[in-house]
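Below is one structure, written out as structure tokens; the observations come after it.
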Amino acid sequence: MEIFRNIWRRKLRSTLTISGIVIGVFALTTFGAFAENFNALIDGGVQYFGGSVQVGPPDGQAANLLPMSKIDEIKSVEGVEAAFAGYQFQAKPGGAFVVSFGVPDTIVAADPGEDAYSALKLTYASGRAVSTTSRGDVALGYTIAKEFKKKVGDTIDLPVRPADAKPDFINHTFNVVGLISETKTAPDSFAYINLADGQMLLRDSLPAQLRDSIDVTQITEGISVYGKHGTSLSELDKIADRINSEVPGVKALRPSDLVNAFRAGGQIFTGAAVAAALLALVVGGLSIINTMFMAVSDRVREIGLKKAVGATTTNILREFLVEATFMGLLGGLIGYGLGVLLVVVRNVFFPAADGSSLFLITPMLTGIAIGFAAVLGALAGVFPALRAARLDPVIALRND
Amino acid sequence: MAGVRLLNLTKHYKRGSEVIKALDGVTLDIDRGEFVAVIGRSGSGKTTMLDLLGLLLKPTAGNLVIDDVETTTLSDRERAHMRGRKVGFVFQEYNLLSGLNVYENVMLPQRYVKDGAEGKQRAVELIDRVGLSDRIKHKPSELSGGQMQRVAIARSMVNKPSLILLDEPTGAVDTETAQQLVDLLKRLNREDQVTIVLVTHDLDIASQASRHIRLKDGRVLSDERVAEAVPV
């Protein structure tokens, strides 16, 4: 109660001080939520690409195609446990290029058996995964399902016909058999179909003159290679090196290179959050120090009186530290609340066209934002509190 | 039996190369329940003696025993605890906290001593005894000088101290109010058997104490016990 009273005693000064913390923590919350969202995306990439070796065509090859026979060659390489063909297609071809912080909607054709090896496990909010045998089924990721307002039992035409599509544009109607639980990473914007349907879309994507001359069942866009369960990143790198040396006509990417590339991207956003935190530290911390020093000067007689009636140095130190911490905490709660409000307003009232979110509030971010503000307040209060606690009661009592 | 014993109590300050002898080897006993007035000119050492008795200052030399406890060897923390338990202060400028009401101001020392419900009950009783029951929720800004000093007196007694130190308690009020305050102090002294040491310039006020100690240049010039204090 007295803390409120002491803070409220100098309304303008306290309001300005707390505002400094509010601005800092608001920045920390919004930048942090932005970084958390991006980092969740990156974590998924790190998880997926850190657990497999991606094999594509060699450098210099124009078409992104490989003979299916390469899978057997790769399987014979030491350390390789499994290898899967796969295809990817734009789900919304022909759209204008936009800057995005997410993965664009993508049709992914994969062997359902690959999920047993992938480090990124998918679970289903409703329905099931597509099967190897049944044709025309699709399982939709969280955001793509939200974007097209689809549920299990609905149908969806893929790829989505662009508004300015030519008459010969081909797409197919797929039955939605499963909705994938939110992953906060790439699969949220994926539509999963089986390999046979992927080969059908591959054929559709070829120039009309080539469609009948290429057997799409004999080609793949890429190959995902897995070692035994628990194979380390460095071991996977060695597998990639062996594939490159033993299998001609392919290029295996070292998973550690991909993981490092993802992490480097994430560091930019983490850096932005840290910059916001430093801003909070400088602005909020200095204003709390200033306010608390002024509070000590204003309350010299009060401190002297409290010492005269039995307060120890620790009592006085604690009182001022608690007050400074409370100011930091109050500013932190308000700043965090405003940050969350902005995120909610943005996500609920102004959602992205593709249904993806730009911000992600996590328990860790909540703890950091509010905890940081409280710790900042406490640290900023240390010197003023020490000054108060060390005041000579005789001098303090007779202070004018 | 002495409640307070000063033995060659000395407080010297250094100002450059000069040594100021604020209190210079004072030896005296103050019995429990005595009402002592300390008088003397400015710079005679009255306030220094009060600060030493209140454990706000550490002596340069000598001994100070309060309720059989030798205080000069106590740590800062022990001195603070003893101040909270054994000593009450009343200042000329009242030193009430403006944000707190009468009850909260009286309860301030309880924050560091914590007698629980008993302390709260004592605060209410003391407010009643100083005649401010109808002002219990009032802030200091809503009180007269005399009322504020009565709050300060109640505050000084809330921890049941054995010694109350008053530094010019009537210096900021008119003569009539000053007399009312002294009457209150005498009554509390009589009823609670609390030792009172009052520093004042006002000889009329001092004359109502049961003992008069006159200081000059940090030494005791005279020390007179009065059989029965008679208001002038």
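Letters for chains follow the order of the structure tokens (A, B, ...), residue numbers begin at 1 for each chain, and ligand numbers begin at 1 in the order shown.
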Name the residues of region 88-175 of chain B that come out as strand (DSSP E) in a backbone DSSP run; write them as a ChimeraX atom specification.
/B:88-90,163-167
Next, dump the selected residues to file, keeping only C-alpha atoms, as a JSON list (two decimals), in the first residue's frame.
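Once everything was written out, this is out-v8.json:
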```json
[["chain", "number", "residue", "atom", "x", "y", "z"],
["B", 88, "GLY", "CA", 11.00, 6.75, 21.59],
["B", 89, "PHE", "CA", 11.70, 10.05, 19.83],
["B", 90, "VAL", "CA", 9.76, 13.28, 19.62],
["B", 163, "LEU", "CA", 13.05, 5.93, 27.46],
["B", 164, "ILE", "CA", 11.48, 8.81, 25.54],
["B", 165, "LEU", "CA", 13.71, 11.54, 24.15],
["B", 166, "LEU", "CA", 12.18, 14.86, 23.19],
["B", 167, "ASP", "CA", 14.09, 17.48, 21.24]]
```
Please determine the contact residues of chain A with respect to chain B at a cut-off of 10 Å, counting only C-alpha atoms, and supply them as a compact mmCIF listing (two decimals) with C-alpha atoms, in the first residue's frame.
```
# COMPACT_ATOMS: atom_id res chain seq x y z
CA GLU A 2 2.76 2.40 0.97
CA ARG A 5 1.38 5.87 -2.08
CA ASN A 6 5.05 6.68 -2.52
CA ARG A 9 3.08 10.96 -4.34
CA ARG A 299 12.50 11.64 1.66
CA ARG A 301 13.84 13.15 6.79
CA GLU A 302 11.51 10.21 6.38
CA GLY A 304 16.03 9.51 9.22
CA LEU A 305 12.77 9.10 11.11
CA LYS A 306 12.45 5.46 10.13
CA LYS A 307 15.98 4.81 11.34
CA ALA A 308 15.20 6.62 14.58
CA VAL A 309 12.18 4.41 15.23
CA GLY A 310 14.08 1.17 14.65
CA ALA A 311 14.58 0.61 10.92
CA THR A 312 17.84 -1.13 10.12
CA THR A 313 19.97 -0.37 7.07
CA THR A 314 18.54 -3.53 5.50
CA ASN A 315 14.96 -2.35 6.16
CA ASP A 392 23.29 9.16 8.72
CA PRO A 393 20.06 9.37 10.75
CA VAL A 394 21.26 12.40 12.71
CA ILE A 395 21.91 14.38 9.54
CA LEU A 397 16.49 13.96 10.72
CA ARG A 398 17.64 17.55 10.63
```
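Of the residues under consideration (A:Ser232, A:Asn290, A:Asn194, A:Thr173), A:Ser232 shows the shortest atom-to-atom contact distance to Gly51 (chain A) when counting only C-alpha atoms.
Those residues that approach region 23-25 of chain A to within 8 Å, counting only C-alpha atoms, are Ala276, Ala277, Leu279, Ala280, Leu281, Val283, Gly284, Gly331, Gly332, Gly335, Tyr336, Gly339, Ala369, Ile370 and Ala373 of chain A; same-chain residues fewer than 5 positions away are not listed.
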C-alpha atoms of the current selection, written as a PDB file, in the first residue's frame:
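File written: part35.pdb
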```
ATOM      1  CA  ALA A 276      14.790  -3.594 -28.129  1.00  0.00           C
ATOM      2  CA  ALA A 277      15.822  -4.985 -24.762  1.00  0.00           C
ATOM      3  CA  LEU A 279      16.592   0.231 -25.513  1.00  0.00           C
ATOM      4  CA  ALA A 280      14.426  -0.722 -22.548  1.00  0.00           C
ATOM      5  CA  LEU A 281      17.518  -1.017 -20.399  1.00  0.00           C
ATOM      6  CA  VAL A 283      15.564   4.371 -21.332  1.00  0.00           C
ATOM      7  CA  GLY A 284      13.746   2.666 -18.507  1.00  0.00           C
ATOM      8  CA  GLY A 331       5.865  -0.714 -16.336  1.00  0.00           C
ATOM      9  CA  GLY A 332       6.683  -4.234 -17.512  1.00  0.00           C
ATOM     10  CA  GLY A 335       4.198  -2.653 -21.635  1.00  0.00           C
ATOM     11  CA  TYR A 336       3.736  -6.406 -22.012  1.00  0.00           C
ATOM     12  CA  GLY A 339       2.423  -5.575 -26.711  1.00  0.00           C
ATOM     13  CA  ALA A 369       9.599  -9.282 -20.832  1.00  0.00           C
ATOM     14  CA  ILE A 370       8.077  -9.049 -17.350  1.00  0.00           C
ATOM     15  CA  ALA A 373      11.397  -5.177 -16.350  1.00  0.00           C
TER      16      ALA A 373
END
```
Compile a residue-level contact table for region 33-54 of chain A against region 80-91 of chain A at a cut-off of 12 Å, reporting for every qualifying residue the shortest atom pair and its distance in Å to one decimal, with only C-alpha atoms counted, rows ordered by chain and ascending number, as a Markdown table.
```
| residue | atom | partner | partner_atom | distance |
| --- | --- | --- | --- | --- |
| A:Ser52 | CA | A:Ala83 | CA | 9.4 |
| A:Val53 | CA | A:Ala83 | CA | 9.1 |
| A:Gln54 | CA | A:Ala83 | CA | 9.6 |
```
Using DSSP on the backbone, list every residue of chain B that comes out as alpha helix (DSSP H), and give them as a VMD selection string.
chain B and resid 46 to 53 76 to 86 102 to 107 110 to 113 117 to 129 145 to 157 175 to 192 203 to 206
Output C-alpha atoms for every residue in that selection, as an mmCIF file, in the first residue's frame.
```
data_model
loop_
_atom_site.group_PDB
_atom_site.id
_atom_site.type_symbol
_atom_site.label_atom_id
_atom_site.label_comp_id
_atom_site.auth_asym_id
_atom_site.auth_seq_id
_atom_site.Cartn_x
_atom_site.Cartn_y
_atom_site.Cartn_z
ATOM 1 C CA LYS B 46 22.156 19.070 24.519
ATOM 2 C CA THR B 47 21.283 17.643 21.142
ATOM 3 C CA THR B 48 24.475 15.583 20.964
ATOM 4 C CA MET B 49 23.603 14.077 24.321
ATOM 5 C CA LEU B 50 20.095 13.292 23.083
ATOM 6 C CA ASP B 51 21.443 11.684 19.899
ATOM 7 C CA LEU B 52 23.843 9.585 21.963
ATOM 8 C CA LEU B 53 21.069 8.512 24.341
ATOM 9 C CA ASP B 76 24.597 -1.044 13.967
ATOM 10 C CA ARG B 77 21.865 -3.646 13.609
ATOM 11 C CA GLU B 78 21.665 -4.256 17.349
ATOM 12 C CA ARG B 79 21.550 -0.517 17.947
ATOM 13 C CA ALA B 80 18.658 -0.221 15.477
ATOM 14 C CA HIS B 81 16.780 -3.008 17.236
ATOM 15 C CA MET B 82 17.406 -1.438 20.623
ATOM 16 C CA ARG B 83 16.247 1.933 19.300
ATOM 17 C CA GLY B 84 13.042 0.306 18.113
ATOM 18 C CA ARG B 85 12.391 -1.479 21.404
ATOM 19 C CA LYS B 86 13.758 0.809 24.086
ATOM 20 C CA VAL B 102 -2.808 9.585 12.403
ATOM 21 C CA TYR B 103 -3.132 5.846 13.053
ATOM 22 C CA GLU B 104 -0.593 4.936 10.369
ATOM 23 C CA ASN B 105 1.889 7.479 11.699
ATOM 24 C CA VAL B 106 1.537 6.124 15.218
ATOM 25 C CA MET B 107 1.985 2.597 13.864
ATOM 26 C CA GLN B 110 5.556 -1.134 14.697
ATOM 27 C CA ARG B 111 6.675 -1.761 11.142
ATOM 28 C CA TYR B 112 10.122 -2.619 12.473
ATOM 29 C CA VAL B 113 9.163 -4.170 15.809
ATOM 30 C CA ALA B 117 -2.608 -7.176 17.159
ATOM 31 C CA GLU B 118 -1.262 -6.001 20.508
ATOM 32 C CA GLY B 119 0.665 -3.217 18.775
ATOM 33 C CA LYS B 120 -2.415 -2.135 16.850
ATOM 34 C CA GLN B 121 -4.491 -2.072 20.016
ATOM 35 C CA ARG B 122 -1.810 -0.058 21.794
ATOM 36 C CA ALA B 123 -1.742 2.472 18.945
ATOM 37 C CA VAL B 124 -5.490 2.985 19.188
ATOM 38 C CA GLU B 125 -5.292 3.340 22.981
ATOM 39 C CA LEU B 126 -2.450 5.854 22.743
ATOM 40 C CA ILE B 127 -4.333 7.917 20.182
ATOM 41 C CA ASP B 128 -7.213 7.941 22.634
ATOM 42 C CA ARG B 129 -4.946 8.906 25.520
ATOM 43 C CA GLY B 145 0.695 21.912 15.483
ATOM 44 C CA GLY B 146 -0.323 20.741 18.948
ATOM 45 C CA GLN B 147 -2.278 17.826 17.519
ATOM 46 C CA MET B 148 0.641 16.808 15.319
ATOM 47 C CA GLN B 149 2.948 16.819 18.329
ATOM 48 C CA ARG B 150 0.474 14.676 20.242
ATOM 49 C CA VAL B 151 0.546 12.204 17.365
ATOM 50 C CA ALA B 152 4.348 12.236 17.587
ATOM 51 C CA ILE B 153 4.160 11.566 21.341
ATOM 52 C CA ALA B 154 1.780 8.641 20.766
ATOM 53 C CA ARG B 155 4.137 7.339 18.077
ATOM 54 C CA SER B 156 7.082 7.552 20.470
ATOM 55 C CA MET B 157 5.266 5.285 22.933
ATOM 56 C CA THR B 175 2.541 28.753 24.942
ATOM 57 C CA GLU B 176 -0.875 27.343 25.768
ATOM 58 C CA THR B 177 -0.394 24.335 23.495
ATOM 59 C CA ALA B 178 3.108 23.849 24.906
ATOM 60 C CA GLN B 179 1.694 23.634 28.406
ATOM 61 C CA GLN B 180 -0.929 21.134 27.284
ATOM 62 C CA LEU B 181 1.818 18.997 25.753
ATOM 63 C CA VAL B 182 3.896 19.120 28.940
ATOM 64 C CA ASP B 183 0.833 18.171 30.989
ATOM 65 C CA LEU B 184 0.333 15.222 28.650
ATOM 66 C CA LEU B 185 3.970 14.184 29.028
ATOM 67 C CA LYS B 186 3.770 14.405 32.798
ATOM 68 C CA ARG B 187 0.664 12.272 32.807
ATOM 69 C CA LEU B 188 2.219 9.628 30.576
ATOM 70 C CA ASN B 189 5.391 9.721 32.689
ATOM 71 C CA ARG B 190 3.356 9.175 35.823
ATOM 72 C CA GLU B 191 1.005 6.533 34.407
ATOM 73 C CA ASP B 192 3.530 4.484 32.428
ATOM 74 C CA LEU B 203 13.004 27.390 31.106
ATOM 75 C CA ASP B 204 9.287 27.429 31.922
ATOM 76 C CA ILE B 205 8.910 24.037 30.341
ATOM 77 C CA ALA B 206 12.124 22.740 31.910
#
```
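Picture a line from CA of Leu201 (chain A) to CA of Arg254 (chain A); it runs 28.8 Å.
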Excluding Ile66 (chain B) and its own-chain neighbours fewer than 5 positions away, which residues fall within 8 Å of it when counting only C-alpha atoms? Please give them as a PyMOL selection string.
chain B and resi 3-5+71
Determine, counting only C-alpha atoms, which protein, DNA and RNA residues have an atom within 10 Å of an atom of Asp241 (chain A); residues of the same chain fewer than 3 positions away are not included. Present the result as a VMD selection string.
chain A and resid 235 to 238 244 to 246 251 to 254
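Counting from CA of Thr17 (chain A), the distance to CA of Arg387 (chain A) is 19.6 Å.
Here CA of Gln208 (chain B) is placed at a distance of 27.1 Å from CA of Ser133 (chain B).
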Residue neighbourhood Thr143 (chain A), 10 Å, only C-alpha atoms, exclusion window fewer than 5 positions, as an NGL selection string:
:A and (105 or 148-149 or 179-184 or 186-190 or 354-357)
Hey, what's within 7 Å of Leu120 (chain A) if we count only C-alpha atoms and toss same-chain stuff fewer than 3 positions away? As a ChimeraX atom specification, please?
/A:44,47-48
